[in-house]
$ cat entry-v9.cif   # mmCIF, C-alpha atoms
data_structure
loop_
_atom_site.label_atom_id
_atom_site.label_comp_id
_atom_site.auth_asym_id
_atom_site.auth_seq_id
_atom_site.Cartn_x
_atom_site.Cartn_y
_atom_site.Cartn_z
CA MET V 623 -158.01 75.44 -40.37
CA THR V 624 -156.81 79.02 -40.35
CA THR V 625 -157.87 81.56 -42.92
CA ASP V 626 -154.19 82.18 -43.72
CA LYS V 627 -153.69 78.55 -44.72
CA GLN V 628 -156.82 78.56 -46.84
CA SER V 629 -155.71 81.74 -48.56
CA LEU V 630 -152.25 80.34 -49.23
CA ALA V 631 -153.76 77.10 -50.53
CA ARG V 632 -155.78 79.09 -53.06
CA THR V 633 -152.66 81.00 -54.10
CA LEU V 634 -150.67 77.79 -54.54
CA ALA V 635 -153.51 76.24 -56.54
CA GLN V 636 -153.32 79.23 -58.90
CA LYS V 637 -149.55 78.88 -59.19
CA ALA V 638 -149.67 75.12 -59.84
CA PRO V 639 -150.62 75.13 -63.56
CA ARG V 640 -148.15 77.95 -64.22
CA TYR V 641 -145.37 75.96 -62.61
CA ARG V 642 -146.33 72.99 -64.77
CA LEU V 643 -146.30 75.21 -67.87
CA ASP V 644 -142.72 76.16 -67.11
CA ILE V 645 -141.73 72.54 -66.48
CA ILE V 646 -143.09 71.46 -69.86
CA GLU V 647 -141.41 74.34 -71.67
CA MET V 648 -138.09 73.68 -69.91
CA LEU V 649 -138.07 70.03 -70.88
CA ALA V 650 -139.14 70.69 -74.46
CA GLU V 651 -136.39 73.27 -74.83
CA ALA V 652 -133.81 70.91 -73.31
CA GLY V 653 -134.95 67.94 -75.36
CA SER V 654 -134.41 65.63 -72.39
CA GLY V 655 -135.48 65.21 -68.80
CA HIS V 656 -138.18 63.74 -66.60
CA PRO V 657 -141.70 65.16 -66.94
CA GLY V 658 -143.70 62.52 -65.05
CA GLY V 659 -142.07 62.84 -61.65
CA SER V 660 -141.50 66.58 -61.95
CA LEU V 661 -145.20 67.19 -62.54
CA SER V 662 -146.20 64.87 -59.69
CA ALA V 663 -143.82 66.48 -57.19
CA VAL V 664 -144.20 70.19 -57.89
CA ASP V 665 -147.15 70.72 -55.52
CA ILE V 666 -145.12 69.19 -52.69
CA VAL V 667 -142.09 71.36 -53.48
CA SER V 668 -144.28 74.45 -53.77
CA THR V 669 -145.87 73.83 -50.37
CA LEU V 670 -142.49 73.30 -48.74
CA TYR V 671 -140.99 76.52 -50.12
CA HIS V 672 -144.02 78.77 -49.79
CA TYR V 673 -145.28 77.49 -46.45
CA LYS V 674 -142.81 75.55 -44.33
CA LEU V 675 -139.14 76.06 -45.21
CA ARG V 676 -137.26 78.86 -43.45
CA HIS V 677 -135.12 80.27 -46.26
CA ARG V 678 -133.87 83.50 -47.81
CA PRO V 679 -133.64 83.68 -51.61
CA ALA V 680 -131.36 86.70 -51.38
CA GLU V 681 -129.11 84.87 -48.89
CA PRO V 682 -129.12 81.22 -50.06
CA GLY V 683 -126.32 80.24 -47.68
CA TRP V 684 -128.09 81.63 -44.58
CA PRO V 685 -126.81 79.34 -41.78
CA GLU V 686 -130.17 79.14 -39.99
CA ARG V 687 -132.14 78.06 -43.07
CA ASP V 688 -134.00 74.77 -43.12
CA ARG V 689 -132.34 72.20 -45.36
CA PHE V 690 -134.10 70.55 -48.30
CA VAL V 691 -132.76 67.40 -49.94
CA LEU V 692 -134.38 66.40 -53.24
CA SER V 693 -133.46 62.73 -53.14
CA LYS V 694 -135.29 62.05 -56.42
CA GLY V 695 -132.88 64.36 -58.20
CA HIS V 696 -134.37 63.73 -61.64
CA GLY V 697 -137.38 65.75 -60.48
CA ILE V 698 -135.27 68.91 -60.18
CA PRO V 699 -137.36 70.91 -62.72
CA ALA V 700 -140.05 71.06 -60.02
CA GLN V 701 -137.59 72.71 -57.64
CA TYR V 702 -136.15 75.05 -60.27
CA VAL V 703 -139.53 76.55 -61.21
CA VAL V 704 -140.38 77.28 -57.58
CA MET V 705 -136.94 78.74 -56.88
CA ALA V 706 -137.21 81.00 -59.93
CA ASP V 707 -140.63 82.22 -58.80
CA LEU V 708 -139.20 83.08 -55.38
CA GLY V 709 -136.29 85.02 -56.82
CA TYR V 710 -133.33 82.68 -56.39
CA PHE V 711 -132.47 83.40 -60.03
CA PRO V 712 -134.14 85.07 -63.05
CA ARG V 713 -137.00 83.08 -64.54
CA GLU V 714 -135.43 83.36 -68.01
CA ARG V 715 -132.68 81.04 -66.82
CA LEU V 716 -135.19 78.17 -66.74
CA TRP V 717 -134.84 77.78 -70.50
CA THR V 718 -131.14 76.89 -70.08
CA LEU V 719 -132.00 73.60 -68.33
CA ARG V 720 -129.44 70.88 -69.16
CA LYS V 721 -127.52 73.13 -71.53
CA LEU V 722 -123.72 73.20 -71.45
CA GLY V 723 -122.52 75.60 -68.76
CA SER V 724 -125.96 76.24 -67.30
CA PRO V 725 -126.28 76.32 -63.49
CA LEU V 726 -129.52 74.40 -63.97
CA GLN V 727 -128.10 70.93 -64.35
CA GLY V 728 -130.27 67.91 -65.09
CA HIS V 729 -129.83 66.80 -61.48
CA PRO V 730 -129.19 69.06 -58.47
CA SER V 731 -125.60 70.25 -58.18
CA THR V 732 -124.53 72.47 -55.28
CA SER V 733 -121.42 73.40 -57.25
CA TRP V 734 -123.52 75.04 -59.95
CA LEU V 735 -126.46 76.66 -58.19
CA PRO V 736 -126.56 78.47 -54.83
CA GLY V 737 -129.65 77.53 -52.85
CA LEU V 738 -129.36 73.79 -53.34
CA ASP V 739 -128.43 71.87 -50.19
CA ALA V 740 -127.40 68.53 -51.72
CA SER V 741 -126.17 67.14 -55.01
CA THR V 742 -128.40 64.17 -55.77
CA GLY V 743 -129.45 61.86 -58.55
CA SER V 744 -127.94 58.55 -57.50
CA LEU V 745 -131.20 57.18 -56.18
CA GLY V 746 -131.53 55.90 -52.64
CA GLN V 747 -128.93 58.21 -51.10
CA GLY V 748 -130.91 61.33 -50.22
CA LEU V 749 -132.35 60.05 -46.96
CA SER V 750 -128.87 59.21 -45.69
CA ILE V 751 -127.68 62.72 -46.62
CA ALA V 752 -130.68 64.30 -44.88
CA GLN V 753 -130.13 62.18 -41.80
CA GLY V 754 -126.52 63.34 -41.63
CA MET V 755 -127.69 66.95 -41.83
CA ALA V 756 -130.22 66.34 -39.05
CA LEU V 757 -127.54 64.77 -36.83
CA ALA V 758 -125.16 67.66 -37.56
CA ALA V 759 -127.86 70.17 -36.62
CA ARG V 760 -128.26 68.46 -33.27
CA LEU V 761 -124.50 68.38 -32.62
CA ASP V 762 -124.15 72.04 -33.57
CA GLY V 763 -127.12 73.12 -31.51
CA GLY V 764 -128.90 74.33 -34.65
CA LYS V 765 -132.62 75.01 -34.64
CA HIS V 766 -133.15 74.34 -38.35
CA ARG V 767 -135.09 71.37 -39.66
CA VAL V 768 -134.29 69.00 -42.52
CA TYR V 769 -136.77 67.95 -45.20
CA CYS V 770 -136.20 65.18 -47.73
CA LEU V 771 -138.36 64.49 -50.77
CA MET V 772 -138.04 60.92 -52.01
CA GLY V 773 -139.40 58.99 -54.96
CA ASP V 774 -141.35 55.78 -54.49
CA GLY V 775 -139.17 53.80 -56.91
CA GLU V 776 -135.98 54.69 -55.05
CA THR V 777 -137.56 53.46 -51.83
CA GLN V 778 -136.79 49.97 -53.13
CA GLU V 779 -133.07 50.69 -52.56
CA GLY V 780 -131.45 48.91 -49.62
CA GLN V 781 -129.70 52.04 -48.38
CA VAL V 782 -133.09 53.65 -47.77
CA TRP V 783 -134.00 50.96 -45.28
CA GLU V 784 -130.69 51.26 -43.43
CA ALA V 785 -131.43 54.95 -42.97
CA ALA V 786 -135.03 54.12 -42.07
CA MET V 787 -133.72 52.02 -39.17
CA SER V 788 -131.15 54.49 -37.88
CA ALA V 789 -133.13 57.78 -37.94
CA PRO V 790 -135.57 56.60 -35.23
CA LYS V 791 -132.67 55.14 -33.25
CA PHE V 792 -131.20 58.63 -33.01
CA ARG V 793 -134.63 60.16 -32.31
CA LEU V 794 -134.31 62.64 -35.18
CA ASP V 795 -137.48 64.63 -34.69
CA ASN V 796 -135.94 67.44 -36.76
CA LEU V 797 -136.16 65.24 -39.88
CA THR V 798 -139.25 65.03 -42.11
CA VAL V 799 -139.43 62.83 -45.20
CA VAL V 800 -142.07 63.19 -47.90
CA VAL V 801 -142.41 60.43 -50.49
CA ASP V 802 -143.83 61.36 -53.89
CA TYR V 803 -145.97 58.24 -54.16
CA ASN V 804 -147.02 58.39 -57.80
CA LYS V 805 -146.75 54.59 -57.98
CA ALA V 806 -144.74 54.48 -61.22
CA GLN V 807 -141.02 54.32 -62.00
CA ILE V 808 -138.88 54.02 -65.10
CA ASP V 809 -139.35 50.25 -65.39
CA GLY V 810 -143.10 50.16 -64.74
CA TYR V 811 -145.57 50.45 -61.89
CA THR V 812 -144.04 50.03 -58.44
CA ARG V 813 -146.48 47.25 -57.62
CA ASP V 814 -145.02 45.22 -60.48
CA VAL V 815 -141.34 46.13 -60.14
CA MET V 816 -141.06 45.74 -56.34
CA ASP V 817 -144.25 46.31 -54.42
CA LEU V 818 -143.84 48.76 -51.52
CA GLU V 819 -147.08 47.93 -49.75
CA PRO V 820 -148.01 47.96 -46.97
CA LEU V 821 -145.90 51.14 -47.02
CA PRO V 822 -147.34 52.88 -43.91
CA ASP V 823 -147.04 49.75 -41.78
CA LYS V 824 -143.40 49.21 -42.78
CA TRP V 825 -142.30 52.70 -41.75
CA ARG V 826 -144.31 52.58 -38.54
CA ALA V 827 -142.61 49.28 -37.70
CA PHE V 828 -139.26 51.04 -38.05
CA GLY V 829 -140.36 53.65 -35.50
CA TRP V 830 -141.41 56.57 -37.70
CA HIS V 831 -144.42 58.82 -37.22
CA VAL V 832 -146.35 58.15 -40.45
CA LEU V 833 -148.96 60.29 -42.20
CA SER V 834 -150.78 59.84 -45.51
CA VAL V 835 -152.10 62.74 -47.60
CA ASP V 836 -153.22 63.72 -51.07
CA GLY V 837 -150.01 65.14 -52.53
CA HIS V 838 -151.95 67.61 -54.66
CA ASP V 839 -154.05 68.97 -51.79
CA PHE V 840 -152.21 71.98 -50.39
CA LEU V 841 -154.18 72.14 -47.17
CA GLN V 842 -153.48 68.47 -46.42
CA LEU V 843 -149.80 68.97 -47.12
CA MET V 844 -149.63 72.00 -44.85
CA GLU V 845 -151.41 70.21 -42.02
CA ALA V 846 -149.09 67.20 -42.32
CA LEU V 847 -145.97 69.40 -42.27
CA ASP V 848 -147.30 71.19 -39.20
CA GLU V 849 -147.95 67.89 -37.44
CA ALA V 850 -144.44 66.68 -38.28
CA GLU V 851 -143.00 69.76 -36.61
CA ARG V 852 -144.92 69.00 -33.43
CA VAL V 853 -143.73 65.39 -33.15
CA ARG V 854 -141.07 64.76 -30.52
CA GLY V 855 -138.59 61.90 -30.25
CA ARG V 856 -138.88 60.41 -33.74
CA PRO V 857 -138.79 61.42 -37.40
CA THR V 858 -141.88 61.80 -39.58
CA TYR V 859 -142.63 60.07 -42.89
CA ILE V 860 -145.36 61.65 -45.03
CA ILE V 861 -146.81 59.50 -47.81
CA ALA V 862 -148.03 61.95 -50.45
CA HIS V 863 -150.28 60.14 -52.93
CA THR V 864 -149.72 61.80 -56.31
CA VAL V 865 -150.39 61.34 -60.01
CA LYS V 866 -147.50 60.75 -62.38
CA GLY V 867 -147.60 63.49 -65.03
CA LYS V 868 -150.21 65.46 -63.05
CA GLY V 869 -151.93 68.22 -65.01
CA VAL V 870 -151.35 66.94 -68.54
CA SER V 871 -154.06 64.50 -69.62
CA PHE V 872 -151.95 62.38 -71.95
CA MET V 873 -149.12 62.09 -69.42
CA GLU V 874 -151.10 61.24 -66.30
CA ASN V 875 -150.38 57.74 -64.94
CA VAL V 876 -148.44 56.81 -68.08
CA VAL V 877 -145.15 55.13 -67.14
CA SER V 878 -143.42 56.00 -70.42
CA TRP V 879 -143.42 59.70 -69.46
CA HIS V 880 -141.02 59.03 -66.61
CA GLY V 881 -137.89 60.08 -68.48
CA VAL V 882 -138.82 61.23 -71.99
CA ALA V 883 -139.10 64.92 -72.83
CA PRO V 884 -142.07 66.03 -74.94
CA THR V 885 -141.57 66.94 -78.57
CA ARG V 886 -142.49 70.48 -79.53
CA GLU V 887 -145.88 69.28 -80.80
CA GLU V 888 -146.55 67.36 -77.57
CA ALA V 889 -145.36 70.31 -75.51
CA ASN V 890 -147.75 72.63 -77.33
CA ARG V 891 -150.64 70.27 -76.60
CA ALA V 892 -149.68 70.13 -72.93
CA ILE V 893 -149.21 73.90 -72.74
CA ALA V 894 -152.65 74.51 -74.23
CA GLU V 895 -154.24 72.31 -71.55
CA LEU V 896 -152.34 74.02 -68.76
CA GLN V 897 -153.09 77.50 -70.09
CA ILE V 898 -156.78 76.74 -69.83
CA LYS V 899 -156.31 75.56 -66.23
CA ALA V 900 -154.29 78.67 -65.45
CA GLY V 901 -156.90 80.96 -66.98
CA LEU V 902 -154.46 82.15 -69.64
CA PRO V 903 -155.12 82.69 -73.34
CA VAL V 904 -154.35 79.51 -75.26
CA GLY V 905 -151.41 79.97 -77.61
CA ALA V 906 -150.08 83.00 -75.76
CA GLY V 907 -146.73 81.35 -75.19
CA VAL V 908 -144.97 80.58 -71.94
CA ARG V 909 -141.86 82.76 -71.79
#
$ encode --input "entry-v9.cif" --output "structure tokens"
Amino acid sequence: MTTDKQSLARTLAQKAPRYRLDIIEMLAEAGSGHPGGSLSAVDIVSTLYHYKLRHRPAEPGWPERDRFVLSKGHGIPAQYVVMADLGYFPRERLWTLRKLGSPLQGHPSTSWLPGLDASTGSLGQGLSIAQGMALAARLDGGKHRVYCLMGDGETQEGQVWEAAMSAPKFRLDNLTVVVDYNKAQIDGYTRDVMDLEPLPDKWRAFGWHVLSVDGHDFLQLMEALDEAERVRGRPTYIIAHTVKGKGVSFMENVVSWHGVAPTREEANRAIAELQIKAGLPVGAGVR
């Protein structure tokens, strides 16, 4: 493990509670949205943007950029907070989430915000979009890679498994998928709705290179992304084990927080917890 990775991991660990503070404040201000899956996915998104993706915030349409498809589009607050931190748009714009005319729509929209590579939200479609991008890169002779972040609940969709069959057929080693495996979806726990296990064995049987990591461990995420880039002749599927509602005690592993925004009182409780974790004065505000 290089010192640079360890240093970056410490930096990302310091950023993590601050990102979660912004997510909570965004959703409370909007009065709607999806806290559970945004909080579980933000460490994955942060690692991708800060460590692996080739991108230019000042030039969001840079042709040689790596592409990122957030298939679980309801988790877009996690992407917005990282993009704001990197300078894609002013941080103050976060508080316009889901408001009429805001570029920060409730699901990713390429028509509204430069820097997004796919409009998503209809679950189960992101992997197909990412696969098309990976095929196009090959046809165009592009050197960029394609990353797709999926939810575990959407993995129950039939279209996902069609794409799971075809990506190895076309030997798309420029495609990496990360699944935010928080094991809960809007209707309940995945094991009860439609059990995905044995998840690693299923994807290996389809011809994918499969890795499993702690989705809140930045070093593990970085190592897995590095390994995916070294793989030749097949795509990589990274199972990132995460906690729904990560970082807020009363939201963690609670299914009902999938798609319900916190009230102001609940948001203040969550913010106080996260301020302590971030080493900030409690009650100092977020904005």
$ atom_distance --input "entry-v9.cif" --atom1 "CA of Gly810 in chain V" --atom2 "CA of Val877 in chain V"
5.9 Å
$ resolve_selection --input "entry-v9.cif" --expression "the PyMOL selection byres ((chain V and resi 848-859) around 6)" --output "PyMOL selection string"
chain V and resi 790+793-795+797-800+830-832+845-847+860
$ atom_distance --input "entry-v9.cif" --atom1 "CA of Gly754 in chain V" --atom2 "CA of Val782 in chain V"
13.2 Å
$ closest_residue --input "entry-v9.cif" --among "V:Glu686, V:Asp665, V:Ile861, V:Pro639" --to "Lys765 in chain V" --atoms "all atoms listed in the file"
V:Glu686
$ axis_aligned_box --input "entry-v9.cif" --around "range 792-808 of chain V" --padding-each-side "8 Å" --output "AutoDock Vina command-line options"
--center_x -139.1 --center_y 60.7 --center_z -48.7 --size_x 31.8 --size_y 29.4 --size_z 48.8
$ closest_atom_pairs --input "entry-v9.cif" --of "range 644-710 of chain V" --to "range 884-901 of chain V" --cutoff "8 Å" --atoms "only C-alpha atoms" --output "tab-separated table"
residue	atom	partner	partner_atom	distance
V:Ile646	CA	V:Ala889	CA	6.2
V:Glu647	CA	V:Ala889	CA	6.8
V:Leu649	CA	V:Pro884	CA	7.0
V:Ala650	CA	V:Pro884	CA	5.5
V:Gly653	CA	V:Pro884	CA	7.4
$ closest_residue --input "entry-v9.cif" --among "V:Arg713, V:Lys824, V:Lys627, V:Lys721" --to "Lys674 in chain V" --atoms "all atoms listed in the file"
V:Lys627
$ residues_around --input "entry-v9.cif" --residues "Glu776 in chain V" --least-positions-apart "6" --cutoff "8 Å" --atoms "all atoms listed in the file" --output "list in words"
Lys694, Leu745, Gly746 and Val782 of chain V
$ closest_residue --input "entry-v9.cif" --among "V:Phe690, V:Trp734, V:Trp825, V:Tyr641" --to "Leu708 in chain V" --atoms "all atoms listed in the file"
V:Tyr641
